[in-house]
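Undergrad: Got a structure for you, questions after.
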Amino acid sequence: MSATQFPAETPDGAGTTDAAPETAPAAQAPAEDAVLFRAQAGDHQAFSLLYARHKRRIYSLCLRMVGNTAEAEDLTQEAFLQLHRKIATFRGDSAFSTWLHRLTINVVLMQLRRKGLQLVSLDEAMEPGPDDGPGRSFGAPDPTLSGSINRLTLERAVADLPAGYRLIFILHDIEGYEHNEIAAMLDCSIGNSKSQLHKARLRLREILRLRVQQEVQS
Amino acid sequence: MSGDPRTMTCDQFQAQLPELIGSGVDLSSDPHLAGCALCSALLADIEAIAEAARQLLPAIEPPDELWEQIESAILQEEDTPASY
């Protein structure tokens, strides 16, 4: 990359049509391939456009995974720094957004491992423990959650999950990765990924049911 | 998987759920679910949670200052001999 100065304006999407592709019509924005090609050639303005296009998705991913804005900002910065270092190696084997997304997940996983988080308990038994079930009751079951989950309540409940459960839930249920992909990322078995996801959903269920009960009581 | 679904207890059924759900098996006609309101409610909740999660959008905007920090860090790296 050359040491050319970046454009003076902050690529926040305000006042431009090509800096906010997540909302702007595609016809008004430069094609992703063209911007990418320029960024790979060292064009800083093109890189700033890539940032503007992908910042929300990358920051949202980081924030959900770590649940802390300061840490999410650090991780977003690290992800884009790594992107800047590696962008010339992108060969188009997958969509650029997929490649950047995966790069970001690796940045977050590295940070979580650095902090000593055991991402997935590898010696975990596949049978649910006594605390993992839905709770036994006799007579009529409680009303289901259907209809009482909105975006805000789910976001808050996800933030309250233990880090390992949160990670699996985000990767599978929010980001759409398959169990085999998650198993490869976390270096665990596919069965373990399924088991951990199930436990994460059960924990979320308990959190959400508790919130619904609290709302009813108040 | 083991166990006759017609005689399965809730514990046995729920022990199999992670694999059943993860494998994408259609549980709508599962014999245990047909006669068990507790496990049916559990599955309905899990499906509602997974469906709601799919609707979450990456709509959280980072602070404007973040780009300035990234830009500054990139320029600093470019002024420094590569070590990566």
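Identifiers in this document derive from the order of the structure tokens: chains are assigned A, B, ..., residues are numbered from 1 separately in each chain, and ligands are numbered from 1 in order of occurrence.
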With only C-alpha atoms counted and 7 Å as the cut-off, give the residues of chain B in contact with chain A, each with its shortest interatomic distance in Å and the pair that gives it, as a tab-separated table.
TA:
```
residue	atom	partner	partner_atom	distance
B:Ala15	CA	A:Glu127	CA	5.5
B:Pro18	CA	A:Ser195	CA	5.3
B:Glu19	CA	A:Lys194	CA	6.5
B:Gly22	CA	A:Lys194	CA	5.7
B:Ala37	CA	A:Pro141	CA	6.5
B:Leu38	CA	A:Pro141	CA	5.5
B:Ala41	CA	A:Thr144	CA	5.7
B:Leu42	CA	A:Pro134	CA	6.9
B:Ala44	CA	A:Thr144	CA	6.9
B:Asp45	CA	A:Leu145	CA	5.5
B:Ile46	CA	A:Arg201	CA	6.3
B:Ala48	CA	A:Ser146	CA	5.7
B:Ala50	CA	A:Asp173	CA	5.8
B:Ala52	CA	A:Ile149	CA	6.9
B:Ala53	CA	A:Ile174	CA	5.2
B:Arg54	CA	A:Ile174	CA	5.3
B:Leu56	CA	A:Arg151	CA	6.4
B:Pro58	CA	A:Arg57	CA	4.8
B:Ala59	CA	A:Arg56	CA	6.0
B:Ile60	CA	A:Ser60	CA	5.3
B:Glu61	CA	A:Arg56	CA	5.2
B:Pro62	CA	A:Tyr59	CA	6.1
B:Asp64	CA	A:Asp12	CA	6.7
B:Leu66	CA	A:Glu73	CA	6.9
B:Trp67	CA	A:Thr10	CA	7.0
B:Ile70	CA	A:Gln77	CA	5.6
B:Ile74	CA	A:Leu81	CA	6.6
B:Leu75	CA	A:Ala3	CA	7.0
B:Glu78	CA	A:Ala3	CA	6.2
```
Undergrad: Please, could you write that set of residues out with C-alpha atoms as a short mmCIF file (atom, residue, chain, number, x, y, z; two decimals), in the first residue's frame?
TA:
```cif
data_model
loop_
_atom_site.label_atom_id
_atom_site.label_comp_id
_atom_site.auth_asym_id
_atom_site.auth_seq_id
_atom_site.Cartn_x
_atom_site.Cartn_y
_atom_site.Cartn_z
CA ALA B 15 -31.65 -35.96 25.51
CA PRO B 18 -29.95 -31.47 20.20
CA GLU B 19 -29.22 -34.13 17.57
CA GLY B 22 -29.37 -30.08 14.62
CA ALA B 37 -47.56 -30.86 26.01
CA LEU B 38 -44.40 -30.13 27.99
CA ALA B 41 -44.03 -26.28 24.45
CA LEU B 42 -40.27 -26.64 24.77
CA ALA B 44 -42.19 -24.38 20.17
CA ASP B 45 -40.12 -22.03 22.32
CA ILE B 46 -36.84 -23.20 20.80
CA ALA B 48 -39.55 -19.24 18.26
CA ALA B 50 -34.32 -19.52 16.51
CA ALA B 52 -36.47 -14.47 16.16
CA ALA B 53 -32.67 -14.75 15.99
CA ARG B 54 -32.81 -14.99 12.20
CA LEU B 56 -31.92 -9.79 14.03
CA PRO B 58 -26.66 -6.00 11.87
CA ALA B 59 -28.06 -2.56 12.55
CA ILE B 60 -25.76 -1.30 15.25
CA GLU B 61 -23.77 1.70 14.12
CA PRO B 62 -20.20 2.07 15.40
CA ASP B 64 -17.89 7.93 14.03
CA LEU B 66 -13.79 4.64 15.20
CA TRP B 67 -12.91 5.30 11.57
CA ILE B 70 -8.57 2.90 12.23
CA ILE B 74 -3.31 2.18 9.20
CA LEU B 75 -1.23 5.25 8.46
CA GLU B 78 2.39 2.23 6.72
#
```
Undergrad: Could you work out how far CA of Ala39 (chain A) lies from CA of Phe96 (chain A), giving the answer in Å with one decimal?
TA: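 Between CA of Phe96 (chain A) and CA of Ala39 (chain A) the gap works out to 12.2 Å.
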Undergrad: Quick check, in Å to one decimal: how far apart do CA of Met65 (chain A) and CA of Ala157 (chain A) lie?
TA: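 Going from CA of Met65 (chain A) over to CA of Ala157 (chain A) covers 12.7 Å.
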Undergrad: Using only C-alpha atoms, find the one residue out of A:Leu167, A:Gly92, A:Ala70, A:Ile182 that sits nearest to Pro63 (chain B).
TA: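 That would be A:Ala70, the residue with the smallest distance to Pro63 (chain B).
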Undergrad: Can you tell me how far CA of Glu71 (chain A) sits from CA of Glu77 (chain B), in Å to one decimal?
TA: 21.1 Å
